[in-house]
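J.: Handing you a structure now.
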Amino acid sequence: MYKRSMAVAAGIFALALIGLGVNLRDDSIDLDQAVVGRAVTHIPDPITARETTRGPVIGFTDIANTFGWQGIPYARAPVGELRWRAPRPADRWQAPLLALRAPKPCMQAWSFLAGESGTNGDIVGREDCLYLNIWAPQNPSLSQLPVMLWIHGGGNNQGSSRFYQGQKLAADQQIIFVSVNYRLGHLGNFSHRSIRNGASNPEDASGNYGLLDIIAALRWIQTNIAVFGGDPGNVTVFGESAGGRNVFGLMASPLAKGLFHRAISQSGSSRSETLASAENFYDDRQPGWPFSANELLAELLIKENIATDRAEAMDDLNSMSDPSIAALLYAQPAESLIAASLVNAQNPDKIHIPQLLRDGHVLPEQPFAELFADPTPYNAVPLIVGSNRDEERAFMASDPRFVRTYLGTIPSIRNNKDYQRYANYYNWRWHGLGGSEMARLMQGGSEKNQVYSYRFDWDESPSNWIVDLPELVGAGHGIEISFVFDDYIGAMRLPFFYGEESLEGRKALSSVIMDYWGQFAHNGSPGKSRDGQEWLPWSPNGSNTMILDSPAGGGWRMEAFNPSIEEMIQQIEADTQFDNQRQRCQLFVESFFISYQSADFWDVERYNNLAGGGCSQYSPYLFMDSY
C-alpha cells in the first residue's frame, strides 16, 4: 500500500484526459470543484436552524431535496497542548454557527485527495480540522432515520471529507449522511515514550488520535443527531480503503462499543501495529517501521542542527529526557513534522505511518485476525465487507516495474502476461486479507453476527488507441465510491473515467448498490434488489459473495468466491514463472510483511523455508523501497 493515492489519482486522471481528448474548456464541468475539490459557500436557510449541545447551527437547502450542514465542530481544535491528546468536546458558542462550507482538510502532504489546490511538495490543510458534515432529506419518511457515518480513505496520511457529497444517498435511501475529518499522518498516529509518559490518561497515551477522533464523532452523533432527524440507536459506519481499515479499528475498540450498530468496509484492511513497530528505530533489536516515531525524531534533530547525522541523533535521543523530547515535538510547526516524515521517502506516497496501534486500551493488544475469531472481545455487528476485482491495478498502473510511460504520461504495460500474473496475486491478497479471511473469522465466531461479502467488477471505463483503461486499471481501487454516491465527478475526482456509452449501465448498478447499502443501514441486511436478487450472508461454501457489475457485465448476482491465504501461499511456492528465488521472496514479503492489508498472516518460518530454496538470505526490509 505504499504507492498510494496521489500518483494514482494524478496518473489515471492524466490518462483519461489524454486518452479521451477532453476539452478542458467545457463549461459544463467545474474542474476546480470536481477535481481539486474546492469548497463552495452555500446560502443560509433559516429552516435548517438546529440546536446542538454546544450551540445553534444553520445550514442550507441543497440538491435532491436535502438540507445540508458543513463544517460543524465535533471536538476542540487539537492544537498547542492538545496535539497528541485525545479529542476534547468542542467549545460552546452562542450566536448561530453558519455551517455553509466544507471544512479544511487535516494537515497533510498535498495530493488530489486533500481537496486543496497545490503541487507536489506542498503541505496543505490545518491542525484545527475536527469538523463533520451532514445531509438529511427535506421530507423524511420516518421521524428518526438511520445514520450513516462515512470515513474517507487516503492511507490515514491523506484525504478529506469534502469530496464526498451525501445528498443523493441521503435522499434516495432516506438516511442521515455524516462525513468526518480526522487527524492524519504523525499528527493522528504517533506513539512515543515522551508523549505516553507525560499523558494523564490512557486515551492521551494511546497514540491512536485519528481513531479517537472518529470515536468522538460517533459520540457527537449519539448526543446530537436526533435534532437533524437521525436515530442514534441505528448508526452505520462505512468507509473505503483506510476508511475501511478504520471501520475494523472501530469494531476492535472497546471505546466504540454501543456507538454504532452496523459496519461496511469497502476495500479495507485488518492491519494493526505493535507499539514497538510504531516507536523503535528500524534497525533496533526489536525493529520499528521505517517511518516510526524515533525515525521522525532523528530527522527533526538533524533539521534543528542538534545532530549532524542519524547515528548522532540516535545517541542524542537515548540520552535525552522525556520532557526534553516532548518539548522539541510540541515546538515544531505541524508543517515541519510532516516535512520531516517525507525526508526518507523517495515518493511521498510510499509513506506508511504506523497506525491502529495495539496500545491495550483504545485497541486490544491482539492482532485483529486473532481478535475477530471470537465475538466476545470486539464489537460484533452486522458487516458488509468486500473489495474490487482489480484493486491493485490502480497502483500497478503507475509502477515502473510494470508500466513504462511515453512523454511522461502515456502508459504502456511492459509485459502483459506478468502484469496479469502479479495483478492476480495482489488482488488475491486484497480479497483474502481484507475480505474473505475476515468474513471467515467473524462468521465462524458467531452465527448471529451476519457478514455479507461483495466483489465489485465494473470495468467499462473508456478505451482507445492511446490507453486501454479496462486493461490497465479495470475494476481498480476506489472506483466503486462513485457508484455508492451516484456521483461520477466529485466522489472519485476522475470525471473523465466514465464514458457516455456506460451511463445507462452505471446508473443501474449505482441504484442497486445504493439500495443494498441503504437497506443494510435500515435493517442490518442488504436484502433484495428491486429485481429480486437477494444478497445472502457469507458462508464458506456455495454462493457466498455478491458480484456487483453492470447488466452488460453480467449484472449483480451471487457467486462462490472464497480466496484463501493458504492457497495463495501454495501458489507462490508452486509458481515456476519467477526468474529467480529473490522474486518469489519479494512477492511473499509484499503480500504478508509490508502489505497494507495485514501482517497478521506473516510467517517467518514459512518465509525462511519457502519453496525454491527458502528466503533466509533476504531480510524482509530489503524490499521496502521497491514496494
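Chain labels run A, B, ... following the order of the C-alpha cells; each chain numbers its residues from 1, and ligands are numbered from 1 in the order shown.
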Pick out the residues sitting within 10 Å of Trp430 of chain A, and hand them over as a ChimeraX atom specification; count only C-alpha atoms, and ignore anything fewer than 4 positions along from it in its own chain.
T.: /A:267-269,386-392,424-426,434-436,563,591,595-598
J.: Any chance you can output those residues with all heavy atoms as a short mmCIF file (atom, residue, chain, number, x, y, z; two decimals), in the first residue's frame?
T.:
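Saved file result.cif follows:
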data_model
loop_
_atom_site.label_atom_id
_atom_site.label_comp_id
_atom_site.auth_asym_id
_atom_site.auth_seq_id
_atom_site.Cartn_x
_atom_site.Cartn_y
_atom_site.Cartn_z
N SER A 267 -12.97 -2.23 0.51
CA SER A 267 -11.54 -2.32 0.20
C SER A 267 -10.70 -1.97 1.41
O SER A 267 -9.68 -1.30 1.32
CB SER A 267 -11.19 -1.39 -0.98
OG SER A 267 -11.95 -1.68 -2.11
N GLY A 268 -11.14 -2.42 2.57
CA GLY A 268 -10.41 -2.13 3.81
C GLY A 268 -9.32 -3.14 4.07
O GLY A 268 -8.98 -3.98 3.24
N SER A 269 -8.74 -3.04 5.25
CA SER A 269 -7.69 -3.96 5.64
C SER A 269 -7.74 -4.13 7.14
O SER A 269 -8.31 -3.32 7.86
CB SER A 269 -6.31 -3.44 5.21
OG SER A 269 -5.95 -2.30 5.98
N GLY A 386 -15.92 -6.17 1.49
CA GLY A 386 -15.61 -6.56 0.13
C GLY A 386 -14.55 -5.68 -0.49
O GLY A 386 -13.99 -4.79 0.16
N SER A 387 -14.28 -5.94 -1.76
CA SER A 387 -13.23 -5.21 -2.46
C SER A 387 -13.53 -5.24 -3.96
O SER A 387 -14.50 -5.86 -4.39
CB SER A 387 -11.85 -5.82 -2.16
OG SER A 387 -11.84 -7.21 -2.44
N ASN A 388 -12.69 -4.58 -4.71
CA ASN A 388 -12.86 -4.50 -6.16
C ASN A 388 -12.03 -5.58 -6.85
O ASN A 388 -10.93 -5.89 -6.40
CB ASN A 388 -12.47 -3.12 -6.66
CG ASN A 388 -13.36 -2.04 -6.08
OD1 ASN A 388 -14.34 -2.33 -5.39
ND2 ASN A 388 -13.04 -0.79 -6.36
N ARG A 389 -12.55 -6.09 -7.92
CA ARG A 389 -11.91 -7.25 -8.58
C ARG A 389 -10.45 -6.99 -8.91
O ARG A 389 -9.60 -7.87 -8.75
CB ARG A 389 -12.69 -7.59 -9.86
CG ARG A 389 -12.25 -8.88 -10.55
CD ARG A 389 -12.83 -8.96 -11.95
NE ARG A 389 -12.32 -7.87 -12.79
CZ ARG A 389 -12.98 -7.41 -13.86
NH1 ARG A 389 -14.16 -7.90 -14.18
NH2 ARG A 389 -12.45 -6.44 -14.59
N ASP A 390 -10.13 -5.77 -9.37
CA ASP A 390 -8.78 -5.47 -9.83
C ASP A 390 -8.11 -4.40 -8.96
O ASP A 390 -7.43 -3.52 -9.47
CB ASP A 390 -8.83 -4.98 -11.29
CG ASP A 390 -9.55 -5.94 -12.21
OD1 ASP A 390 -9.27 -7.15 -12.13
OD2 ASP A 390 -10.39 -5.49 -13.01
N GLU A 391 -8.30 -4.49 -7.66
CA GLU A 391 -7.83 -3.46 -6.72
C GLU A 391 -6.45 -2.91 -7.09
O GLU A 391 -6.25 -1.72 -7.26
CB GLU A 391 -7.75 -4.05 -5.30
CG GLU A 391 -9.07 -4.29 -4.63
CD GLU A 391 -9.70 -3.04 -4.06
OE1 GLU A 391 -9.07 -1.96 -4.13
OE2 GLU A 391 -10.83 -3.13 -3.55
N GLU A 392 -5.48 -3.80 -7.17
CA GLU A 392 -4.09 -3.36 -7.23
C GLU A 392 -3.71 -2.76 -8.58
O GLU A 392 -2.70 -2.06 -8.68
CB GLU A 392 -3.17 -4.54 -6.91
CG GLU A 392 -1.74 -4.16 -6.59
CD GLU A 392 -1.60 -3.47 -5.24
OE1 GLU A 392 -2.48 -3.61 -4.38
OE2 GLU A 392 -0.58 -2.78 -5.04
N ASN A 424 -3.08 -10.69 -10.37
CA ASN A 424 -3.85 -11.77 -9.76
C ASN A 424 -3.40 -12.03 -8.33
O ASN A 424 -4.23 -12.23 -7.43
CB ASN A 424 -3.73 -13.04 -10.60
CG ASN A 424 -4.49 -12.96 -11.90
OD1 ASN A 424 -5.37 -12.12 -12.06
ND2 ASN A 424 -4.15 -13.82 -12.85
N TYR A 425 -2.08 -12.04 -8.12
CA TYR A 425 -1.57 -12.25 -6.76
C TYR A 425 -1.99 -11.09 -5.83
O TYR A 425 -2.50 -11.30 -4.73
CB TYR A 425 -0.05 -12.35 -6.77
CG TYR A 425 0.49 -13.73 -7.08
CD1 TYR A 425 1.36 -13.93 -8.15
CD2 TYR A 425 0.16 -14.83 -6.29
CE1 TYR A 425 1.87 -15.18 -8.45
CE2 TYR A 425 0.67 -16.08 -6.57
CZ TYR A 425 1.52 -16.26 -7.64
OH TYR A 425 2.02 -17.51 -7.93
N TYR A 426 -1.73 -9.88 -6.29
CA TYR A 426 -2.03 -8.73 -5.45
C TYR A 426 -3.53 -8.63 -5.14
O TYR A 426 -3.92 -8.30 -4.01
CB TYR A 426 -1.57 -7.44 -6.13
CG TYR A 426 -0.07 -7.31 -6.29
CD1 TYR A 426 0.48 -6.67 -7.40
CD2 TYR A 426 0.80 -7.82 -5.34
CE1 TYR A 426 1.84 -6.54 -7.55
CE2 TYR A 426 2.17 -7.71 -5.48
CZ TYR A 426 2.69 -7.06 -6.59
OH TYR A 426 4.05 -6.94 -6.74
N GLY A 434 -8.39 -8.59 3.34
CA GLY A 434 -9.37 -7.58 3.71
C GLY A 434 -10.81 -8.05 3.59
O GLY A 434 -11.72 -7.30 3.95
N GLY A 435 -11.02 -9.27 3.09
CA GLY A 435 -12.37 -9.72 2.84
C GLY A 435 -12.68 -11.10 3.38
O GLY A 435 -13.19 -11.25 4.48
N SER A 436 -12.34 -12.12 2.59
CA SER A 436 -12.80 -13.47 2.92
C SER A 436 -12.25 -13.98 4.25
O SER A 436 -12.95 -14.68 4.99
CB SER A 436 -12.45 -14.45 1.80
OG SER A 436 -11.06 -14.51 1.58
N PRO A 563 -11.44 -16.74 -1.76
CA PRO A 563 -9.98 -16.85 -1.84
C PRO A 563 -9.37 -17.03 -0.46
O PRO A 563 -9.68 -16.31 0.48
CB PRO A 563 -9.57 -15.50 -2.46
CG PRO A 563 -10.69 -14.56 -2.11
CD PRO A 563 -11.93 -15.38 -2.10
N SER A 591 3.33 -9.38 0.17
CA SER A 591 1.98 -9.86 0.45
C SER A 591 1.68 -9.96 1.94
O SER A 591 0.55 -9.70 2.35
CB SER A 591 1.77 -11.23 -0.20
OG SER A 591 1.92 -11.15 -1.61
N SER A 595 2.61 -5.59 3.53
CA SER A 595 1.30 -5.37 2.93
C SER A 595 0.47 -4.41 3.76
O SER A 595 0.44 -4.50 5.00
CB SER A 595 0.55 -6.70 2.80
OG SER A 595 -0.82 -6.49 2.61
N TYR A 596 -0.23 -3.52 3.09
CA TYR A 596 -1.17 -2.62 3.75
C TYR A 596 -2.34 -3.40 4.34
O TYR A 596 -2.94 -2.99 5.32
CB TYR A 596 -1.68 -1.61 2.72
CG TYR A 596 -2.80 -0.71 3.20
CD1 TYR A 596 -2.57 0.27 4.16
CD2 TYR A 596 -4.08 -0.84 2.67
CE1 TYR A 596 -3.59 1.10 4.58
CE2 TYR A 596 -5.10 -0.01 3.09
CZ TYR A 596 -4.85 0.96 4.05
OH TYR A 596 -5.87 1.77 4.46
N GLN A 597 -2.67 -4.55 3.75
CA GLN A 597 -3.86 -5.26 4.17
C GLN A 597 -3.71 -5.89 5.56
O GLN A 597 -4.58 -5.76 6.40
CB GLN A 597 -4.23 -6.34 3.15
CG GLN A 597 -4.92 -5.81 1.91
CD GLN A 597 -3.95 -5.05 1.03
OE1 GLN A 597 -2.86 -5.52 0.72
NE2 GLN A 597 -4.35 -3.86 0.63
N SER A 598 -2.62 -6.59 5.79
CA SER A 598 -2.45 -7.24 7.08
C SER A 598 -1.07 -7.84 7.19
O SER A 598 -0.52 -8.34 6.21
CB SER A 598 -3.50 -8.35 7.28
OG SER A 598 -3.32 -8.97 8.53
#
J.: Need the shell around segment 71-82 of chain A: protein/DNA/RNA residues with any atom at most 7 Å away, counting only C-alpha atoms. Skip same-chain ones fewer than 5 positions apart. Format as an MDAnalysis selection string?
T.: chainID A and resid 87:91 99 101:103 127:133 217 220
J.: Mind dumping the selected residues with N, CA and C atoms as a PDB file, in the first residue's frame?
T.:
ATOM      1  N   PRO A  87      -9.290  13.726  21.622  1.00  0.00           N
ATOM      2  CA  PRO A  87     -10.113  14.907  21.360  1.00  0.00           C
ATOM      3  C   PRO A  87     -10.954  15.293  22.570  1.00  0.00           C
ATOM      4  N   ARG A  88     -11.061  16.599  22.795  1.00  0.00           N
ATOM      5  CA  ARG A  88     -11.903  17.153  23.858  1.00  0.00           C
ATOM      6  C   ARG A  88     -13.189  17.703  23.242  1.00  0.00           C
ATOM      7  N   PRO A  89     -14.271  17.795  24.011  1.00  0.00           N
ATOM      8  CA  PRO A  89     -15.510  18.375  23.471  1.00  0.00           C
ATOM      9  C   PRO A  89     -15.273  19.779  22.933  1.00  0.00           C
ATOM     10  N   ALA A  90     -15.984  20.112  21.881  1.00  0.00           N
ATOM     11  CA  ALA A  90     -15.855  21.438  21.275  1.00  0.00           C
ATOM     12  C   ALA A  90     -16.277  22.520  22.262  1.00  0.00           C
ATOM     13  N   ASP A  91     -15.679  23.694  22.114  1.00  0.00           N
ATOM     14  CA  ASP A  91     -16.096  24.833  22.924  1.00  0.00           C
ATOM     15  C   ASP A  91     -17.536  25.206  22.577  1.00  0.00           C
ATOM     16  N   ALA A  99     -23.084  26.839   9.138  1.00  0.00           N
ATOM     17  CA  ALA A  99     -22.431  25.620   8.655  1.00  0.00           C
ATOM     18  C   ALA A  99     -22.659  25.502   7.152  1.00  0.00           C
ATOM     19  N   ARG A 101     -19.981  25.700   4.544  1.00  0.00           N
ATOM     20  CA  ARG A 101     -18.817  25.462   3.694  1.00  0.00           C
ATOM     21  C   ARG A 101     -18.048  24.256   4.214  1.00  0.00           C
ATOM     22  N   ALA A 102     -17.589  23.404   3.295  1.00  0.00           N
ATOM     23  CA  ALA A 102     -16.813  22.233   3.699  1.00  0.00           C
ATOM     24  C   ALA A 102     -15.556  22.657   4.442  1.00  0.00           C
ATOM     25  N   PRO A 103     -15.225  21.974   5.517  1.00  0.00           N
ATOM     26  CA  PRO A 103     -14.054  22.370   6.305  1.00  0.00           C
ATOM     27  C   PRO A 103     -12.750  22.070   5.590  1.00  0.00           C
ATOM     28  N   GLU A 127      -4.241  22.088  11.372  1.00  0.00           N
ATOM     29  CA  GLU A 127      -4.413  21.244  12.555  1.00  0.00           C
ATOM     30  C   GLU A 127      -5.828  21.359  13.111  1.00  0.00           C
ATOM     31  N   ASP A 128      -6.403  22.530  13.048  1.00  0.00           N
ATOM     32  CA  ASP A 128      -7.778  22.743  13.501  1.00  0.00           C
ATOM     33  C   ASP A 128      -8.715  22.199  12.427  1.00  0.00           C
ATOM     34  N   CYS A 129      -9.016  20.914  12.498  1.00  0.00           N
ATOM     35  CA  CYS A 129      -9.713  20.267  11.376  1.00  0.00           C
ATOM     36  C   CYS A 129     -10.811  19.304  11.804  1.00  0.00           C
ATOM     37  N   LEU A 130     -11.148  19.260  13.086  1.00  0.00           N
ATOM     38  CA  LEU A 130     -12.086  18.252  13.567  1.00  0.00           C
ATOM     39  C   LEU A 130     -13.527  18.723  13.392  1.00  0.00           C
ATOM     40  N   TYR A 131     -13.998  18.602  12.162  1.00  0.00           N
ATOM     41  CA  TYR A 131     -15.335  19.039  11.783  1.00  0.00           C
ATOM     42  C   TYR A 131     -16.044  17.920  11.038  1.00  0.00           C
ATOM     43  N   LEU A 132     -17.364  17.970  11.049  1.00  0.00           N
ATOM     44  CA  LEU A 132     -18.153  16.999  10.303  1.00  0.00           C
ATOM     45  C   LEU A 132     -19.204  17.699   9.448  1.00  0.00           C
ATOM     46  N   ASN A 133     -19.766  16.950   8.505  1.00  0.00           N
ATOM     47  CA  ASN A 133     -20.774  17.444   7.574  1.00  0.00           C
ATOM     48  C   ASN A 133     -21.992  16.534   7.636  1.00  0.00           C
ATOM     49  N   ALA A 217     -16.517  11.651  17.055  1.00  0.00           N
ATOM     50  CA  ALA A 217     -17.604  11.988  16.133  1.00  0.00           C
ATOM     51  C   ALA A 217     -18.810  11.090  16.371  1.00  0.00           C
ATOM     52  N   TRP A 220     -20.546  12.377  19.349  1.00  0.00           N
ATOM     53  CA  TRP A 220     -21.290  13.577  18.975  1.00  0.00           C
ATOM     54  C   TRP A 220     -22.621  13.176  18.338  1.00  0.00           C
TER      55      TRP A 220
END
J.: Could I get the residues of segment 208-296 of chain A with an atom no further than 6 Å from an atom of segment 176-187 of chain A, each paired with its nearest atom pair and that distance in Å to one decimal, using only C-alpha atoms, sorted by chain and residue number, as a tab-separated table?
T.:
residue	atom	partner	partner_atom	distance
A:Gly210	CA	A:Arg183	CA	4.6
A:Asp213	CA	A:Tyr182	CA	5.6
A:Gly230	CA	A:Ile176	CA	5.9
J.: Using Å and a single decimal, report how far atom CA of Ala205 of chain A sits from atom CA of Leu357 of chain A.
T.: 11.1 Å
J.: Report as JSON, numbers by chain: the residues of segment 93-311 of chain A with a DSSP assignment of alpha helix (DSSP H), based on the backbone of this structure.
T.: {"A": [167, 168, 169, 170, 171, 172, 173, 185, 186, 187, 188, 193, 194, 195, 196, 202, 203, 204, 205, 209, 210, 211, 212, 213, 214, 215, 216, 217, 218, 219, 220, 221, 222, 223, 224, 242, 243, 244, 245, 246, 247, 248, 249, 250, 251, 252, 275, 276, 277, 278, 279, 293, 294, 295, 296, 297, 298, 299, 300, 301, 302, 303, 310, 311]}
J.: Within 7 Å of segment 233-239 of chain A, counting only C-alpha atoms, which residues qualify if same-chain residues fewer than 6 places away don't, as a list in words?
T.: Pro146, Val147, Met148, Leu149, Trp150, Ile151, His152, Gly153, Val247, Phe260, His261, Arg262, Ala263, Ile264, Ser265, Gln266 and Ala521 of chain A
J.: Pick out each residue of segment 39-255 of chain A that DSSP on the backbone tags as strand (DSSP E or B); I need them as a ChimeraX atom specification.
T.: /A:50-51,56-58,60-62,66-73,97-98,100,106,108-109,123-124,126,131-137,145-151,176-180,230-240
J.: Rank nothing, just name the residue among A:Ala86, A:Ala39, A:Leu342, A:Val381 nearest to Ile215 of chain A, using only C-alpha atoms.
T.: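 Closest candidate: A:Ala86.
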J.: Please provide the set of residues having any atom within 12 Å of Pro354 of chain A, restricted to only C-alpha atoms, with same-chain residues fewer than 5 positions apart removed, written as number ranges by chain.
T.: A: 155-157, 184-192, 207-208, 210, 271-280, 288-296, 341, 594, 596
J.: Applying 8 Å and only C-alpha atoms, which residues near segment 362-366 of chain A remain after dropping the ones on its own chain fewer than 5 positions away? List them as an MDAnalysis selection string.
T.: chainID A and resid 202:203 206 208 212 249 252:255 274 356:357 371
J.: Store the residues picked out above, limited to C-alpha atoms, as an mmCIF file, in the first residue's frame.
T.:
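Output contents, as saved in again-v9.cif:
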data_model
loop_
_atom_site.group_PDB
_atom_site.id
_atom_site.type_symbol
_atom_site.label_atom_id
_atom_site.label_comp_id
_atom_site.auth_asym_id
_atom_site.auth_seq_id
_atom_site.Cartn_x
_atom_site.Cartn_y
_atom_site.Cartn_z
ATOM 1 C CA PRO A 202 -4.789 6.072 28.720
ATOM 2 C CA GLU A 203 -6.506 7.764 25.755
ATOM 3 C CA SER A 206 -2.539 5.654 23.212
ATOM 4 C CA ASN A 208 -4.437 6.417 18.247
ATOM 5 C CA LEU A 212 -10.164 8.562 18.756
ATOM 6 C CA GLY A 249 -10.498 -0.439 14.146
ATOM 7 C CA ALA A 252 -11.981 -3.776 17.610
ATOM 8 C CA SER A 253 -12.045 -0.810 20.015
ATOM 9 C CA PRO A 254 -13.816 -1.237 23.367
ATOM 10 C CA LEU A 255 -14.220 2.563 23.449
ATOM 11 C CA THR A 274 2.583 -3.007 17.795
ATOM 12 C CA LEU A 356 -4.141 1.430 14.512
ATOM 13 C CA LEU A 357 -1.693 0.891 17.344
ATOM 14 C CA LEU A 371 -9.377 -10.838 17.979
#
J.: With only C-alpha atoms as the counted atoms, please give the residues lying no more than 7 Å from segment 136-143 of chain A, apart from itself and same-chain residues fewer than 4 positions off, as a VMD selection string.
T.: chain A and resid 65 to 68 170 to 171 174 to 177 229
J.: For segment 526-542 of chain A, list every protein, DNA or RNA residue within 9 Å, evaluated using only C-alpha atoms, and leave out those in the same chain fewer than 6 positions away; present the list as a PyMOL selection string.
T.: chain A and resi 384+436+439-440+443-444+450-453+512-513+515-520+556-562
J.: Counting only C-alpha atoms, which residue out of A:Leu145, A:Ala109, A:Val40, A:Ala95 sits closest to Ala334 of chain A?
T.: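 Using only C-alpha atoms, Ala334 of chain A sits closest to A:Ala109.
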J.: Using only C-alpha atoms, which of the listed residues (A:Val589, A:Ile325, A:Ile58, A:Ile221) sits closest to Ser616 of chain A?
T.: A:Val589
J.: Which is closer to Gly554 of chain A than all the others in A:Phe395, A:Trp458, A:Phe372, A:Tyr209, using only C-alpha atoms?
T.: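 Among the listed residues, the smallest separation from Gly554 of chain A belongs to A:Trp458.
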